[in-house]
Structure formats: C-alpha cells, structure tokens
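Worksheet: the structure to be examined is printed underneath.
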Amino acid sequence: MDDTHTAGATRLARGTPLTSAIDTSDASAWTGLDLAVRELARTRPSALPDHAWATGRRLHWPWDAPLPTLNLSRRAPDGPALALTLCHPDGRIREAALRRAAGLPASDLLPLLPLVAIRCADWAEPVREPARDLLRTALPGVGPDTIVVLAPVVLRVAGRRHGEAARTLLEATLREGPAPVLETALVHDDRATRRLAHRIAVERRHFSPERFARTAAADPDVVIQDVCADGAVAGVGPETGDEVLLPLLRSPHSRVRAAGVTALRRAGRPARAEAFLTDRSALVRACARYVLRRYDIDPAPLYRALCAGGSVPPAAPLGLAECGARDDAAVLWGLTDHPHPGVRARAVAGLRVLDAADWARLVPLLDDPAPGVVRETVTALVPSTDRLPRAELTARLGTEHPRHVRVGAFRLLVAHGGPELREIAWTLIDDAEPKLRANSLSLLRN
C-alpha cells in the first residue's frame with residue numbers, strides 16, 4: 001500500500017476534512033484511499049472508529065488523545081467519518097453509509113460523490129445498487145467543479161468488473177447535461193476524461209466542423225485527433241470552405257492529414273489530392289490515391305511522371321511502387337543513383353515493395369554516404385543474406401568505413417548467422433562505436 005494513501009486515510013480518521021486529507025484532484029488518491037482504509041482496518045483496527053451508528057450503538061474514537069464519544073445513531077456523521085465508512089471493509093457499514101449519504105443536502109453530498117462512484121463498482125450487490133441509485137440522482141445537479149473531480153474517478157474504476165454502470169451514468173450526464181459541464185471535461189488534465197468528452201462533443205455536434213478541424217490539427221492526443229477529425233469530416237460537403245479543410249490538410253499529424261485528404265472526395269475536389277500523392281506518410285498517400293480513383297483518375301501515371309521529372313519528390317518512387325506494376329522496377333533502379341538521398345532511399349524501399357530487389361545490384365549501395373539509403377538497403381537484403389558474400393560484409397566492419405556502413409554490415413552478418421559470427425562479435429565488444437559494442441555484447445549473451 002502506498003504510504004501516501006495510508007497517510008491520507010490516517011488523517012481522515014483523525015478528523016481532517018476530506019479536501020485536506022487527500023489530493024481530491026487526483027483520481028488515484030480516491031481509489032488509494034478506498035484501499036488504504038481497508039488496509040488500516042486489517043493491520044491497525046484501532047486506527048479506525050467503531051462506526052456504531054450503523055447498528056445503533058455508540059461510536060468511540062480510540063486515538064492517542066481520546067476524543068469524545070459520539071452517538072451517531074441520533075445524527076449523521078461528519079464528512080471525514082462518512083468518507084471512512086464509505087470505504088469500510090464491512091459491506092453492511094458501507095451500505096449504511098450510502099443510506100446516510102442519500103439523506104445529506106447536496107452541498108454535503110457532492111464532495112463524497114467520487115467515493116459513491118467507487119461503490120458503484122462494489123463487489124456486494126446491496127452496496128453497489130444503492131450507490132448507483134444515489135449517483136443517478138445526484139449527477140443531473142452537478143456542476144463543472146464536481147465533474148472535474150468525479151469524472152476521472154469514474155473512468156478509473158470503469159475497468160472493474162461492475163464499473164461500467166457508473167461510466168454509463170457519467171456519459172449520460174455529459175451527453176444530456178448543460179454545456180459548461182461538457183466544456184470543463186473537454187479541457188480536463190485527465191486524458192481519459194478528455195477523450196470521453198470529445199467523443200460526446202462529436203455526438204452532440206457541440207462544435208462547428210471548423211472547431212473540430214482546428215482541434216484535430218493541434219491536439220497532441222492521437223485518439224482526440226481521430227475523434228475530432230471524424231467530427232470535422234462529417235460536416236464536409238460540396239459547399240465546405242477551406243476553413244475546415246486547411247487545418248486538416250496542414251496538420252503535422254499524418255492521421256489528421258489523411259482524414260483531410262479523404263474529405264476532399266466529399267468536397268468534390270480531387271485535384272487537391274494530387275499534392276498528397278508524395279506525402280511522407282504512407283497512410284496519406286493511400287488516401288490520396290483512393291480519392292483520385294473515386295473520380296476515375298489512375299494515380300500510377302501521375303507517379304511515373306513525377307519520377308521522370310527533373311525534381312523528383314522523395315516519396316514519389318515509393319508511391320509508384322505502392323500502386324504500380326512490376327515493370328516500374330526499371331524506373332526505380334534508375335533512381336538508385338539520384339543525387340537526392342531521400343529519393344535513393346525510397347527507390348530502394350520501392351524495389352522491396354515490388355519484390356524486385358536484386359541483391360547483387362543492391363550490395364554496392366551498402367557504401368552509400370547517406371545512412372537512410374544504407375538502412376533501406378540492409379532491410380531489402382535481409383531476405384537474401386544466405387547469398388551475400390560474407391567476406392565483403394566482414395570487410396565493411398573496418399574502422400575506415402562510416403558508422404552507418406559498419407552497423408548495417410553487422411546487421412546483415414547477424415541475419416546470416418553461422419559459426420564465425422561469435423568470433424566476429426568478440427572482436428567488436430571493445431569497439432569505439434557504442435551500437436556495435438551493445439549489439440555484440442547482446443549477441444554473445446544470448
């Protein structure tokens with residue numbers, strides 16, 4: 001048990017107000033408190049009060065300095081005591097605590113709702129059913145301040161066996177409740193809360209497509225990017241202006257750009273998709289080809305024209321391989337000596353996609369000055385390692401070769417295997433190149 005949670009439970013048992021006993025803004029503090037109270041009851045039973053009000057008996061607080069005896073059968077316990085009883089290991093006491101909580105005024109109940117939400121996933125049906133009824137009654141009246149604390153707790157326990165009911169109630173509140181409650185959840189620090197709020201905002205069409213597009217383009221969370229991009233695309237039509245499309249198409253996130261490119265079909269603007277045939281993302285390129293094909297435009301001739309031009313976009317060779325024919329391998333071989341290293345690397349990758357990687361013609365590219373070209377070449381040669389000349393690979397391990405050449409040669413030697421590999425690894429365990437040292441040591445250990 002985390003000492004922080006135990007300390008919080010101890011402070012609460014001493015009568016410290018709930019907001020001072022734990023960090024109420026942290027969902028783990030609430031679930032930790034629930035577990036800590038049970039642990040205290042097991043290991044230090046004298047640390048918790050005898051909650052006699054549950055059975056009509058008197059309640060004593062056995063602490064270092066004795067506290068007055070309280071007859072809680074005649075009046076409701078205060079906040080700290082009721083919070084403790086909501087976490088009590090005895091299910092009868094938890095059930096009684098929920099009955100007491102149900103009779104509290106709203107101002108006293110709202111701070112306890114996170115514990116009520118935890119009880120909604122209680123293993124005991126006589127506890128979880130009253131908890132769900134209480135949460136169902138209380139949620140329509142909560143404001144943004146309560147949602148900030150409650151939502152992360154509900155979502156944290158939603159994965160438990162009986163936790164889905166509280167999540168359903170929370171979703172209904174965000175879906176049907178006042179806009180300020182949803183707005184607060186949308187900017188919450190808790191990732192799960194923000195994701196849920198954005199899904200519901202899309203369902204409610206809470207924002208305009210322009211707002212969803214801007215959020216998708218800028219938000220760092222990939223789930224929210226997808227959700228908001230879907231919300232933006234749902235509002236795209238032939239009359240849609242650039243205020244929706246441009247944020248998506250200019251986004252640094254490939255999934256958002258892909259959504260924007262796909263939306264060009266609904267907007268009736270296939271010509272704009274051509275610019276994304278050479279996007280750095282394979283997903284975006286595929287979406288661009290999809291849009292063009294929906295308008296009966298074959299992307300392969302466009303790629304061939306790009307590869308034959310004076311200024312070849314780096315991704316054009318790979319895009320050609322993704323939609324071209326095996327005969328296009330001749331074009332790609334011609335680009336393996338292009339002056340731009342990005343074009344050379346994508347040409348090698350394209351040959352691999354077309355299954356046209358001739359190992360004998362690729363071996364000289366292991367000495368390319370660009371690390372990216374060598375990486376693609378090594379990847380293309382791995383399936384043919386049994387045919388590669390081992391002596392040439394071993395020679396490339398020499399310190400006179402650049403780092404990326406040596407690392408690539410060692411990777412191919414490892415893929416090749418053989419009894420000589422262990423001896424080669426021994427010669428590299430003291431090498432000046434850290435990656436070669438690490439790889440050699442790992443190989444020898446295994």
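Starting from 1 in every chain, residues are counted up; chains themselves are A, B, ... following the order of the structure tokens, and ligands are numbered from 1 as listed.
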
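Every protein or nucleic acid residue with an atom no more than 9 Å from Thr6 of chain A, counting only C-alpha atoms and leaving out same-chain residues fewer than 3 positions away, appears here: Met1, Asp2, Asp3, Ala9, Thr10, Arg11, Gly32, Leu33, Leu35, Ala36, Val37, Glu39 and Leu40 of chain A.
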
Using N, CA and C atoms, can you write the selected residues to a file as an mmCIF file, in the first residue's frame?
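Produced file out-v2.cif, reproduced below:
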data_model
loop_
_atom_site.group_PDB
_atom_site.id
_atom_site.type_symbol
_atom_site.label_atom_id
_atom_site.label_comp_id
_atom_site.auth_asym_id
_atom_site.auth_seq_id
_atom_site.Cartn_x
_atom_site.Cartn_y
_atom_site.Cartn_z
ATOM 1 N N MET A 1 0.837 -1.185 0.000
ATOM 2 C CA MET A 1 0.000 0.000 0.000
ATOM 3 C C MET A 1 0.878 1.243 0.000
ATOM 4 N N ASP A 2 0.578 2.193 -0.839
ATOM 5 C CA ASP A 2 1.319 3.433 -0.936
ATOM 6 C C ASP A 2 1.213 4.195 0.384
ATOM 7 N N ASP A 3 2.372 4.639 0.906
ATOM 8 C CA ASP A 3 2.377 5.369 2.169
ATOM 9 C C ASP A 3 1.551 6.644 2.079
ATOM 10 N N ALA A 9 -5.584 8.287 4.633
ATOM 11 C CA ALA A 9 -6.623 7.608 5.409
ATOM 12 C C ALA A 9 -6.457 7.887 6.896
ATOM 13 N N THR A 10 -5.209 7.938 7.348
ATOM 14 C CA THR A 10 -4.959 8.222 8.758
ATOM 15 C C THR A 10 -5.400 9.640 9.122
ATOM 16 N N ARG A 11 -5.084 10.602 8.265
ATOM 17 C CA ARG A 11 -5.519 11.978 8.533
ATOM 18 C C ARG A 11 -7.040 12.068 8.563
ATOM 19 N N GLY A 32 -6.959 5.017 -3.978
ATOM 20 C CA GLY A 32 -5.970 4.650 -2.965
ATOM 21 C C GLY A 32 -6.527 4.763 -1.556
ATOM 22 N N LEU A 33 -7.352 5.801 -1.323
ATOM 23 C CA LEU A 33 -7.985 5.948 -0.010
ATOM 24 C C LEU A 33 -8.882 4.754 0.283
ATOM 25 N N LEU A 35 -8.635 1.696 -0.700
ATOM 26 C CA LEU A 35 -7.821 0.533 -0.334
ATOM 27 C C LEU A 35 -7.111 0.741 1.001
ATOM 28 N N ALA A 36 -6.665 1.980 1.255
ATOM 29 C CA ALA A 36 -5.918 2.245 2.486
ATOM 30 C C ALA A 36 -6.783 2.075 3.719
ATOM 31 N N VAL A 37 -8.053 2.478 3.633
ATOM 32 C CA VAL A 37 -8.946 2.299 4.780
ATOM 33 C C VAL A 37 -9.116 0.821 5.090
ATOM 34 N N GLU A 39 -6.954 -1.505 4.424
ATOM 35 C CA GLU A 39 -5.690 -1.997 4.954
ATOM 36 C C GLU A 39 -5.524 -1.602 6.419
ATOM 37 N N LEU A 40 -5.907 -0.364 6.752
ATOM 38 C CA LEU A 40 -5.832 0.056 8.141
ATOM 39 C C LEU A 40 -6.742 -0.795 9.024
#

| request: Pick out the residues sitting within 9 Å of segment 415-429 of chain A, and hand them over as a ChimeraX atom specification; count only C-alpha atoms, and ignore anything fewer than 6 positions along from it in its own chain. | output: /A:382-388,390,394,436-441,443-444

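Of the listed residues (A:Pro339, A:Gly408, A:Ala151, A:Asp327), A:Gly408 comes nearest to Val363 of chain A; the distances count only C-alpha atoms.
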
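One distance worth recording is that between atom CA of Val187 of chain A and atom CA of Gly141 of chain A, which is 20.5 Å.
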
| All residues 10 Å or closer to His206 of chain A, only C-alpha atoms, same chain fewer than 4 positions away omitted, as a PyMOL selection string | chain A and resi 175+179+182-183+198+200-202+211-212+231

Grab the residues selected above and save them as an mmCIF file, in the first residue's frame with N, CA, C and O atoms.
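Heads up, here's the output in out01.cif:
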data_model
loop_
_atom_site.group_PDB
_atom_site.id
_atom_site.type_symbol
_atom_site.label_atom_id
_atom_site.label_comp_id
_atom_site.auth_asym_id
_atom_site.auth_seq_id
_atom_site.Cartn_x
_atom_site.Cartn_y
_atom_site.Cartn_z
ATOM 1 N N ARG A 175 -23.621 13.921 -22.004
ATOM 2 C CA ARG A 175 -24.367 13.963 -23.260
ATOM 3 C C ARG A 175 -25.612 14.846 -23.144
ATOM 4 O O ARG A 175 -25.973 15.542 -24.092
ATOM 5 N N ALA A 179 -24.075 22.653 -21.139
ATOM 6 C CA ALA A 179 -22.838 22.805 -21.910
ATOM 7 C C ALA A 179 -21.613 23.085 -21.044
ATOM 8 O O ALA A 179 -20.526 22.561 -21.333
ATOM 9 N N LEU A 182 -19.800 19.885 -19.980
ATOM 10 C CA LEU A 182 -19.032 19.248 -21.059
ATOM 11 C C LEU A 182 -17.796 20.070 -21.405
ATOM 12 O O LEU A 182 -16.716 19.518 -21.647
ATOM 13 N N GLU A 183 -17.922 21.380 -21.402
ATOM 14 C CA GLU A 183 -16.780 22.239 -21.716
ATOM 15 C C GLU A 183 -15.648 22.016 -20.717
ATOM 16 O O GLU A 183 -14.468 21.992 -21.086
ATOM 17 N N HIS A 198 -14.581 14.513 -25.720
ATOM 18 C CA HIS A 198 -14.523 14.831 -27.148
ATOM 19 C C HIS A 198 -15.409 13.885 -27.966
ATOM 20 O O HIS A 198 -16.017 14.312 -28.956
ATOM 21 N N ILE A 200 -18.186 12.594 -26.952
ATOM 22 C CA ILE A 200 -19.560 13.055 -26.746
ATOM 23 C C ILE A 200 -19.790 14.398 -27.435
ATOM 24 O O ILE A 200 -20.881 14.652 -27.964
ATOM 25 N N ALA A 201 -18.774 15.240 -27.465
ATOM 26 C CA ALA A 201 -18.921 16.519 -28.173
ATOM 27 C C ALA A 201 -19.190 16.294 -29.655
ATOM 28 O O ALA A 201 -19.986 17.013 -30.276
ATOM 29 N N VAL A 202 -18.548 15.277 -30.231
ATOM 30 C CA VAL A 202 -18.800 14.958 -31.632
ATOM 31 C C VAL A 202 -20.219 14.417 -31.794
ATOM 32 O O VAL A 202 -20.938 14.781 -32.735
ATOM 33 N N ARG A 211 -14.267 24.147 -35.767
ATOM 34 C CA ARG A 211 -13.659 23.973 -34.440
ATOM 35 C C ARG A 211 -13.105 22.558 -34.289
ATOM 36 O O ARG A 211 -11.999 22.362 -33.760
ATOM 37 N N PHE A 212 -13.840 21.563 -34.742
ATOM 38 C CA PHE A 212 -13.331 20.195 -34.681
ATOM 39 C C PHE A 212 -12.061 20.055 -35.515
ATOM 40 O O PHE A 212 -11.123 19.365 -35.118
ATOM 41 N N GLY A 231 -15.300 14.192 -36.579
ATOM 42 C CA GLY A 231 -16.330 15.207 -36.398
ATOM 43 C C GLY A 231 -16.266 16.293 -37.449
ATOM 44 O O GLY A 231 -17.305 16.775 -37.925
#

| query | Of the residues A:Leu283, A:Val223, A:Ala288, A:Arg94, which is the one nearest to Pro270 of chain A, using only C-alpha atoms? | reply | A:Ala288

| said: Just want the 8 Å neighbourhood of Ala263 of chain A, counted on only C-alpha atoms, with same-chain residues fewer than 6 positions away dropped. Output as a PyMOL selection string. | reply: chain A and resi 233+236+245

Go ahead and write the residues just picked, N, CA, C and O atoms, as a PDB file, in the first residue's frame.
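Heads up, here's the output in again33.pdb:
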ATOM      1  N   VAL A 233     -14.886  15.950 -40.559  1.00  0.00           N
ATOM      2  CA  VAL A 233     -15.188  15.383 -41.878  1.00  0.00           C
ATOM      3  C   VAL A 233     -16.686  15.153 -42.034  1.00  0.00           C
ATOM      4  O   VAL A 233     -17.244  15.268 -43.139  1.00  0.00           O
ATOM      5  N   VAL A 236     -18.354  17.955 -43.800  1.00  0.00           N
ATOM      6  CA  VAL A 236     -17.815  18.389 -45.100  1.00  0.00           C
ATOM      7  C   VAL A 236     -18.809  18.060 -46.206  1.00  0.00           C
ATOM      8  O   VAL A 236     -19.384  16.969 -46.248  1.00  0.00           O
ATOM      9  N   LEU A 245     -11.140  22.414 -44.268  1.00  0.00           N
ATOM     10  CA  LEU A 245     -10.175  21.521 -44.915  1.00  0.00           C
ATOM     11  C   LEU A 245      -8.724  21.891 -44.622  1.00  0.00           C
ATOM     12  O   LEU A 245      -7.890  21.009 -44.390  1.00  0.00           O
TER      13      LEU A 245
END

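Relative to atom CA of Glu171 of chain A, atom CA of Pro89 of chain A is found at 29.1 Å.
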
| task | Could you please write out, as a ChimeraX atom specification, every residue of segment 248-373 of chain A that DSSP assigns to alpha helix (DSSP H)? | result | /A:248-249,254-267,282-294,299-308,316-323,329-334,341-353,359-362,371-373

| task | Write out as a list in words the residues lying within 8 Å of Ala121 of chain A, counting only C-alpha atoms and excluding same-chain residues fewer than 6 positions away. | result | Arg128, Val157, Ala158, Arg160, Arg161, His162, Gly163, Glu164, Ala165 and Ala166 of chain A

Dump as a PDB file, in the first residue's frame, selection limited to N, CA, C and O atoms:
ATOM      1  N   ARG A 128     -23.552  -1.804  -4.184  1.00  0.00           N
ATOM      2  CA  ARG A 128     -23.426  -1.104  -5.466  1.00  0.00           C
ATOM      3  C   ARG A 128     -24.766  -0.600  -6.014  1.00  0.00           C
ATOM      4  O   ARG A 128     -24.805   0.432  -6.682  1.00  0.00           O
ATOM      5  N   VAL A 157     -12.383   3.524 -12.398  1.00  0.00           N
ATOM      6  CA  VAL A 157     -12.975   2.275 -11.898  1.00  0.00           C
ATOM      7  C   VAL A 157     -13.853   1.603 -12.956  1.00  0.00           C
ATOM      8  O   VAL A 157     -14.391   0.519 -12.698  1.00  0.00           O
ATOM      9  N   ALA A 158     -13.991   2.229 -14.126  1.00  0.00           N
ATOM     10  CA  ALA A 158     -14.860   1.653 -15.165  1.00  0.00           C
ATOM     11  C   ALA A 158     -14.350   0.305 -15.649  1.00  0.00           C
ATOM     12  O   ALA A 158     -15.127  -0.511 -16.147  1.00  0.00           O
ATOM     13  N   ARG A 160     -13.271  -2.048 -13.804  1.00  0.00           N
ATOM     14  CA  ARG A 160     -13.546  -3.120 -12.847  1.00  0.00           C
ATOM     15  C   ARG A 160     -14.760  -3.938 -13.295  1.00  0.00           C
ATOM     16  O   ARG A 160     -15.513  -3.525 -14.174  1.00  0.00           O
ATOM     17  N   ARG A 161     -14.959  -5.038 -12.635  1.00  0.00           N
ATOM     18  CA  ARG A 161     -15.995  -5.980 -13.054  1.00  0.00           C
ATOM     19  C   ARG A 161     -17.380  -5.327 -13.113  1.00  0.00           C
ATOM     20  O   ARG A 161     -18.150  -5.581 -14.036  1.00  0.00           O
ATOM     21  N   HIS A 162     -17.685  -4.479 -12.138  1.00  0.00           N
ATOM     22  CA  HIS A 162     -19.006  -3.843 -12.085  1.00  0.00           C
ATOM     23  C   HIS A 162     -18.909  -2.333 -12.324  1.00  0.00           C
ATOM     24  O   HIS A 162     -19.815  -1.598 -11.939  1.00  0.00           O
ATOM     25  N   GLY A 163     -17.832  -1.898 -12.956  1.00  0.00           N
ATOM     26  CA  GLY A 163     -17.599  -0.463 -13.050  1.00  0.00           C
ATOM     27  C   GLY A 163     -18.276   0.248 -14.201  1.00  0.00           C
ATOM     28  O   GLY A 163     -18.280   1.484 -14.245  1.00  0.00           O
ATOM     29  N   GLU A 164     -18.852  -0.481 -15.133  1.00  0.00           N
ATOM     30  CA  GLU A 164     -19.382   0.156 -16.336  1.00  0.00           C
ATOM     31  C   GLU A 164     -20.635   0.976 -16.043  1.00  0.00           C
ATOM     32  O   GLU A 164     -20.932   1.931 -16.767  1.00  0.00           O
ATOM     33  N   ALA A 165     -21.375   0.636 -14.998  1.00  0.00           N
ATOM     34  CA  ALA A 165     -22.621   1.352 -14.717  1.00  0.00           C
ATOM     35  C   ALA A 165     -22.363   2.819 -14.406  1.00  0.00           C
ATOM     36  O   ALA A 165     -23.078   3.706 -14.897  1.00  0.00           O
ATOM     37  N   ALA A 166     -21.334   3.105 -13.605  1.00  0.00           N
ATOM     38  CA  ALA A 166     -21.020   4.499 -13.277  1.00  0.00           C
ATOM     39  C   ALA A 166     -20.573   5.251 -14.518  1.00  0.00           C
ATOM     40  O   ALA A 166     -20.908   6.435 -14.694  1.00  0.00           O
TER      41      ALA A 166
END

| field | Exercise: Asp230 of chain A partners within 10 Å, only C-alpha atoms, chain neighbours under 3 positions left out, as JSON, numbers by chain | value | {"A": [199, 202, 209, 212, 213, 216, 224, 225, 226, 227, 233, 234, 235, 256, 259, 260, 263]}

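From atom CA of Arg136 of chain A back to atom CA of Cys87 of chain A, the distance works out to 19.7 Å.
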
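Counting only C-alpha atoms and comparing A:His253, A:Leu86, A:Pro402, A:Leu362, the residue that lies closest to Thr379 of chain A is A:Leu362.
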
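Neighbours of Arg375 of chain A closer than or equal to 12 Å, with only C-alpha atoms counted and sequence neighbours fewer than 4 positions away skipped, come out as Pro341, Gly342, Arg344, Ala345, Arg346, Val348, Ala349, Leu362, Leu365, Leu366, Asp367, Asp368, Pro369, Ala370, Pro371, Thr379, Ala380, Leu381, Val382, Arg403, His404, Val405, Arg406, Val407, Gly408, Ala409, Phe410, Arg411 and Leu412 of chain A.
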
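Nearest residue to Ala271 of chain A, choosing from A:Val244, A:Pro17, A:Leu332, A:Pro299 and counting only C-alpha atoms: A:Pro299.
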